[in-house]
Each structure stands twice: as structure tokens, then as C-alpha cells.
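Participant: The structure is given below, and queries will be raised subsequently.
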Amino acid sequence: MKILYSPASPYSAKVRMGAHLAGLDAEAILTDTTAAPSELVDNNPLGKIPTLVTDEGQAIFDSRAIMQYLDRSGAKRLYPRNAAKRTEAEVLEALCDGICDCLLAIMYERRFRPAEIVHQEWIDKQWTKATRGLDHLEANLPRLPKTPNGGHLALAAMIGYLALRFPGQWERGRPKLKRWSAKFGVNFPELDAMRPKA
Ligand SMILES: N[C@@H](CCC(=O)N[C@@H](CS)C(=O)NCC(=O)O)C(=O)O
């Protein structure tokens, strides 16, 4: 299988870590969404990464559908079997992906809009949502287990994206999140290598 990805993308980082944990061999194909190459848009009309293409040629997106596919396809499961614990993992993933949605919206507003029409109020609104999410996580941080689940991978990817794009802007008052991320790096170096980078 192939995963169309970009190194900075937090959702791509999550699914690449997921494939690795599930024991699946996935070829990572560096993809520039701005150039909209046919390999991307022919497989995903939304032109977004990550997009997974199976050996049979089936395209799977978005990242949460990919995670569920990996969970069903690999030697190792990515989500707990227990229904309540599974819901907890899926909600953690939804929160972390949702924070990434806000952070990306801020990045895109700054990167793609002409400077004179950048809407600062809207950026502030997205940042408020993201920081409210981070505060919630700081107060309700899950323990880092021996084997992370899909929720933990989303959390690791999201903090990786913050560290890459918003350094110095999220750490104050959130020592637990910082420690969790550092411990993830030490405990899982192979996964850490897939976290967002420039
Ligand atoms: N909900 C999607 C979000 C994917 C997404 O927004 N990816 C970004 C890169 S991190 C992208 O492809 N942006 C290009 C675009 O929106 O055209 C998922 O979970 O996969």
C-alpha cells in the first residue's frame, strides 16, 4: 500500500505511525498538495493528504477512515476492543485532529490570503478553540501506555505540529503536555521519527 503524505502534515504523521504500529508495510509517497498531482486528485477528489492507496488500487481517506482501515487490516490493532475504551480513544483522536484543523486554518489564512484581507478575528477564534482543547487535554491527559492507540498517536502528531509551527506559543501553563510529548519521543523513537517536521 501507499500513503500520499507530506512531512509537516499532522494527519499524515498519525496514519504513518498507525501503519507502523499495525505492522503494515506502507510506502510513503511525498506529495505536494498545492501542485495537485494526478496521483493525488485521481485518488482523492478533495486533493488532501493523507490518502492511502491499497495494493488493489482502492483509495481511502480521510485520516480517520485510514486509521480504521489500518486497525482492521494489520497484525496489531490500533484501538481497544473494549467498547468504552474504544470510544475514549476515538474521542481523543477527534479532539486532537480538531485542534489540528484549527491550527491549519490559521496557517492557511496567513499563507494563502493576501495580507490586506487576512481576517485576524477569525484567526483569534481558531486559536481560542485550539487553546481550549489544549487546556482540556492538560487537565485530562491520558497516561502514556506501553502500546499507544489511535488516540495517543493523534495526540503525539498534534503536539508535534504545534512544536513545528507554533513554537513558544503553547507550552506555558501546560507542563504535562510537554512532558507527555517528550516521553513519547523517548519511549517510541521509531514513531517519533514520523512526527511532523519541516
Ligand atoms: N480531515 C482530514 C484533514 C486533511 C488535511 O486537511 N490535510 C491537509 C494537510 S495537513 C491538506 O491536505 N491540505 C491541502 C488542502 O486542503 O488542499 C484528515 O483527517 O485527513
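Note on naming: chains are A, B, ... as they come in the C-alpha cells, residues start from 1 per chain, ligands start from 1 in the order shown.
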Set the cut-off to 9 Å, count only C-alpha atoms and all ligand atoms, and list whatever residues fall near ligand 1 as an MDAnalysis selection string.
Facilitator: chainID A and resid 5:6 8:12 15 32:34 36 46:51 61:66 97:98 100:101 104:105 108
Participant: List the spatial neighbours of Lys2 (chain A) as a list in words - criterion: any atom at most 8 Å away, only C-alpha atoms, same-chain residues fewer than 6 positions off excluded.
Facilitator: Ala26, Glu27, Ala28, Ile29, Leu52, Val53, Thr54 and Asp55 of chain A
Participant: Those residues you just picked out, can you put them in a file as a tab-separated table (two decimals), in the first residue's frame with all heavy atoms?
Facilitator:
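Okay, out-v4.tsv is ready:
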```
chain	number	residue	atom	x	y	z
A	26	ALA	N	3.87	0.26	4.47
A	26	ALA	CA	3.24	1.30	3.64
A	26	ALA	C	4.34	2.17	3.05
A	26	ALA	O	5.17	2.71	3.78
A	26	ALA	CB	2.29	2.14	4.48
A	27	GLU	N	4.32	2.29	1.73
A	27	GLU	CA	5.29	3.16	1.06
A	27	GLU	C	4.81	4.60	1.19
A	27	GLU	O	3.65	4.90	0.84
A	27	GLU	CB	5.39	2.77	-0.42
A	27	GLU	CG	6.50	3.49	-1.14
A	27	GLU	CD	6.47	3.24	-2.66
A	27	GLU	OE1	5.64	2.42	-3.11
A	27	GLU	OE2	7.26	3.91	-3.36
A	28	ALA	N	5.68	5.46	1.74
A	28	ALA	CA	5.29	6.86	1.93
A	28	ALA	C	5.68	7.65	0.68
A	28	ALA	O	6.85	7.69	0.30
A	28	ALA	CB	5.98	7.43	3.16
A	29	ILE	N	4.67	8.25	0.03
A	29	ILE	CA	4.92	9.00	-1.21
A	29	ILE	C	4.80	10.50	-0.90
A	29	ILE	O	3.70	10.99	-0.60
A	29	ILE	CB	3.88	8.64	-2.30
A	29	ILE	CG1	3.74	7.13	-2.46
A	29	ILE	CG2	4.19	9.35	-3.60
A	29	ILE	CD1	4.79	6.47	-3.31
A	52	LEU	N	-4.58	7.07	1.39
A	52	LEU	CA	-3.96	5.75	1.31
A	52	LEU	C	-4.48	5.06	0.06
A	52	LEU	O	-5.67	5.15	-0.26
A	52	LEU	CB	-4.31	4.93	2.56
A	52	LEU	CG	-3.71	3.53	2.70
A	52	LEU	CD1	-3.44	3.20	4.16
A	52	LEU	CD2	-4.59	2.45	2.07
A	53	VAL	N	-3.59	4.40	-0.69
A	53	VAL	CA	-4.00	3.62	-1.85
A	53	VAL	C	-3.58	2.18	-1.59
A	53	VAL	O	-2.39	1.91	-1.36
A	53	VAL	CB	-3.36	4.17	-3.16
A	53	VAL	CG1	-3.91	3.40	-4.36
A	53	VAL	CG2	-3.63	5.67	-3.32
A	54	THR	N	-4.57	1.29	-1.57
A	54	THR	CA	-4.27	-0.12	-1.26
A	54	THR	C	-3.57	-0.78	-2.46
A	54	THR	O	-3.57	-0.23	-3.57
A	54	THR	CB	-5.56	-0.91	-0.97
A	54	THR	OG1	-6.33	-0.99	-2.18
A	54	THR	CG2	-6.39	-0.26	0.13
A	55	ASP	N	-3.03	-1.98	-2.24
A	55	ASP	CA	-2.38	-2.73	-3.33
A	55	ASP	C	-3.36	-3.03	-4.46
A	55	ASP	O	-2.96	-3.20	-5.61
A	55	ASP	CB	-1.79	-4.04	-2.80
A	55	ASP	CG	-0.62	-3.77	-1.85
A	55	ASP	OD1	-0.05	-2.65	-1.91
A	55	ASP	OD2	-0.29	-4.66	-1.04
```
Participant: So what do you get for CA of Ala154 (chain A) versus CA of Glu93 (chain A), distance-wise?
Facilitator: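 Computed distance, CA of Ala154 (chain A) to CA of Glu93 (chain A), equals 5.2 Å.
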Participant: Tell me which protein, DNA and RNA residues are within 10 Å of Leu137 (chain A), counting only C-alpha atoms, leaving out same-chain ones fewer than 3 positions away, and put them as an MDAnalysis selection string.
Facilitator: chainID A and resid 92 95:96 131:134 140:142 155 174 176:177
Participant: Region 14-154 of chain A: which residues are alpha helix (DSSP H) by DSSP, as a PyMOL selection string?
Facilitator: chain A and resi 14-22+38-41+63-73+83-112+120-139+150-154
Participant: Would you mind listing what lies within 12 Å of Trp122 (chain A) as number ranges by chain, with only C-alpha atoms counted and same-chain residues fewer than 4 positions away left out?
Facilitator: A: 102-103, 105-110, 117-118, 126-129
Participant: Output the selection as a CSV table (one decimal), in the first residue's frame - all heavy atoms for each residue.
Facilitator:
```
chain,number,residue,atom,x,y,z
A,102,CYS,N,-8.0,23.5,13.5
A,102,CYS,CA,-7.9,25.0,13.9
A,102,CYS,C,-6.5,25.5,13.5
A,102,CYS,O,-6.4,26.6,13.0
A,102,CYS,CB,-8.2,25.2,15.4
A,102,CYS,SG,-9.8,24.6,15.9
A,103,LEU,N,-5.5,24.8,13.9
A,103,LEU,CA,-4.1,25.3,13.6
A,103,LEU,C,-3.8,25.4,12.1
A,103,LEU,O,-3.2,26.4,11.7
A,103,LEU,CB,-3.1,24.3,14.3
A,103,LEU,CG,-3.2,24.1,15.8
A,103,LEU,CD1,-2.2,23.0,16.3
A,103,LEU,CD2,-2.9,25.4,16.5
A,105,ALA,N,-6.1,25.9,9.9
A,105,ALA,CA,-6.9,27.1,9.4
A,105,ALA,C,-6.1,28.4,9.6
A,105,ALA,O,-6.1,29.2,8.7
A,105,ALA,CB,-8.3,27.1,10.1
A,106,ILE,N,-5.5,28.5,10.7
A,106,ILE,CA,-4.7,29.7,11.0
A,106,ILE,C,-3.5,29.8,10.0
A,106,ILE,O,-3.2,30.8,9.4
A,106,ILE,CB,-4.1,29.6,12.4
A,106,ILE,CG1,-5.3,29.7,13.4
A,106,ILE,CG2,-3.1,30.7,12.7
A,106,ILE,CD1,-4.9,29.5,14.9
A,107,MET,N,-2.8,28.6,9.8
A,107,MET,CA,-1.7,28.6,8.9
A,107,MET,C,-2.1,29.0,7.5
A,107,MET,O,-1.5,29.8,6.8
A,107,MET,CB,-1.0,27.2,8.8
A,107,MET,CG,-0.3,26.8,10.0
A,107,MET,SD,1.1,27.9,10.5
A,107,MET,CE,2.2,27.7,9.1
A,108,TYR,N,-3.3,28.5,7.0
A,108,TYR,CA,-3.7,28.7,5.6
A,108,TYR,C,-4.2,30.2,5.5
A,108,TYR,O,-4.0,30.8,4.4
A,108,TYR,CB,-4.9,27.8,5.3
A,108,TYR,CG,-4.4,26.3,5.0
A,108,TYR,CD1,-5.3,25.3,4.9
A,108,TYR,CD2,-3.1,26.0,5.0
A,108,TYR,CE1,-4.9,24.0,4.7
A,108,TYR,CE2,-2.7,24.7,4.8
A,108,TYR,CZ,-3.6,23.7,4.6
A,108,TYR,OH,-3.2,22.4,4.4
A,109,GLU,N,-4.8,30.7,6.5
A,109,GLU,CA,-5.3,32.1,6.5
A,109,GLU,C,-4.1,33.0,6.3
A,109,GLU,O,-4.1,34.0,5.5
A,109,GLU,CB,-6.0,32.5,7.8
A,109,GLU,CG,-6.5,33.9,7.9
A,109,GLU,CD,-7.8,34.2,7.0
A,109,GLU,OE1,-8.4,33.2,6.5
A,109,GLU,OE2,-8.1,35.3,6.8
A,110,ARG,N,-3.0,32.7,7.0
A,110,ARG,CA,-1.8,33.5,6.9
A,110,ARG,C,-1.0,33.3,5.6
A,110,ARG,O,-0.5,34.2,5.0
A,110,ARG,CB,-0.8,33.2,8.0
A,110,ARG,CG,-1.4,33.8,9.4
A,110,ARG,CD,-0.3,33.5,10.5
A,110,ARG,NE,-0.8,34.0,11.7
A,110,ARG,CZ,-0.6,33.4,12.9
A,110,ARG,NH1,0.1,32.3,13.0
A,110,ARG,NH2,-1.1,33.9,14.0
A,117,ILE,N,-6.2,41.3,3.4
A,117,ILE,CA,-7.6,40.7,3.8
A,117,ILE,C,-7.5,39.6,4.8
A,117,ILE,O,-8.4,38.8,5.0
A,117,ILE,CB,-8.4,40.4,2.6
A,117,ILE,CG1,-7.7,39.3,1.7
A,117,ILE,CG2,-8.9,41.6,1.8
A,117,ILE,CD1,-8.7,38.7,0.7
A,118,VAL,N,-6.3,39.4,5.4
A,118,VAL,CA,-6.2,38.4,6.5
A,118,VAL,C,-7.1,38.8,7.6
A,118,VAL,O,-7.2,39.9,8.0
A,118,VAL,CB,-4.7,38.3,7.0
A,118,VAL,CG1,-4.7,37.5,8.3
A,118,VAL,CG2,-3.9,37.6,5.9
A,126,GLN,N,-10.0,30.7,16.0
A,126,GLN,CA,-9.5,29.4,15.8
A,126,GLN,C,-8.5,29.1,16.9
A,126,GLN,O,-8.4,28.0,17.5
A,126,GLN,CB,-8.8,29.3,14.4
A,126,GLN,CG,-9.7,29.4,13.2
A,126,GLN,CD,-10.8,28.4,13.3
A,126,GLN,OE1,-10.7,27.3,13.6
A,126,GLN,NE2,-12.0,28.9,12.9
A,127,TRP,N,-7.7,30.1,17.3
A,127,TRP,CA,-6.7,29.9,18.3
A,127,TRP,C,-7.3,29.7,19.7
A,127,TRP,O,-6.9,28.8,20.5
A,127,TRP,CB,-5.7,31.1,18.4
A,127,TRP,CG,-4.6,31.0,19.4
A,127,TRP,CD1,-4.4,31.7,20.5
A,127,TRP,CD2,-3.5,30.0,19.3
A,127,TRP,NE1,-3.2,31.3,21.1
A,127,TRP,CE2,-2.7,30.2,20.4
A,127,TRP,CE3,-3.2,29.0,18.4
A,127,TRP,CZ2,-1.6,29.5,20.7
A,127,TRP,CZ3,-2.1,28.2,18.7
A,127,TRP,CH2,-1.3,28.5,19.8
A,128,THR,N,-8.5,30.3,19.9
A,128,THR,CA,-9.2,30.1,21.2
A,128,THR,C,-9.7,28.7,21.2
A,128,THR,O,-9.6,28.0,22.3
A,128,THR,CB,-10.5,31.1,21.2
A,128,THR,OG1,-10.0,32.4,21.2
A,128,THR,CG2,-11.3,30.9,22.5
A,129,LYS,N,-10.2,28.2,20.1
A,129,LYS,CA,-10.7,26.8,20.1
A,129,LYS,C,-9.5,25.8,20.4
A,129,LYS,O,-9.6,24.9,21.2
A,129,LYS,CB,-11.3,26.4,18.7
A,129,LYS,CG,-12.6,27.0,18.4
A,129,LYS,CD,-12.9,26.7,17.0
A,129,LYS,CE,-14.2,27.3,16.5
A,129,LYS,NZ,-15.4,26.6,16.9
```
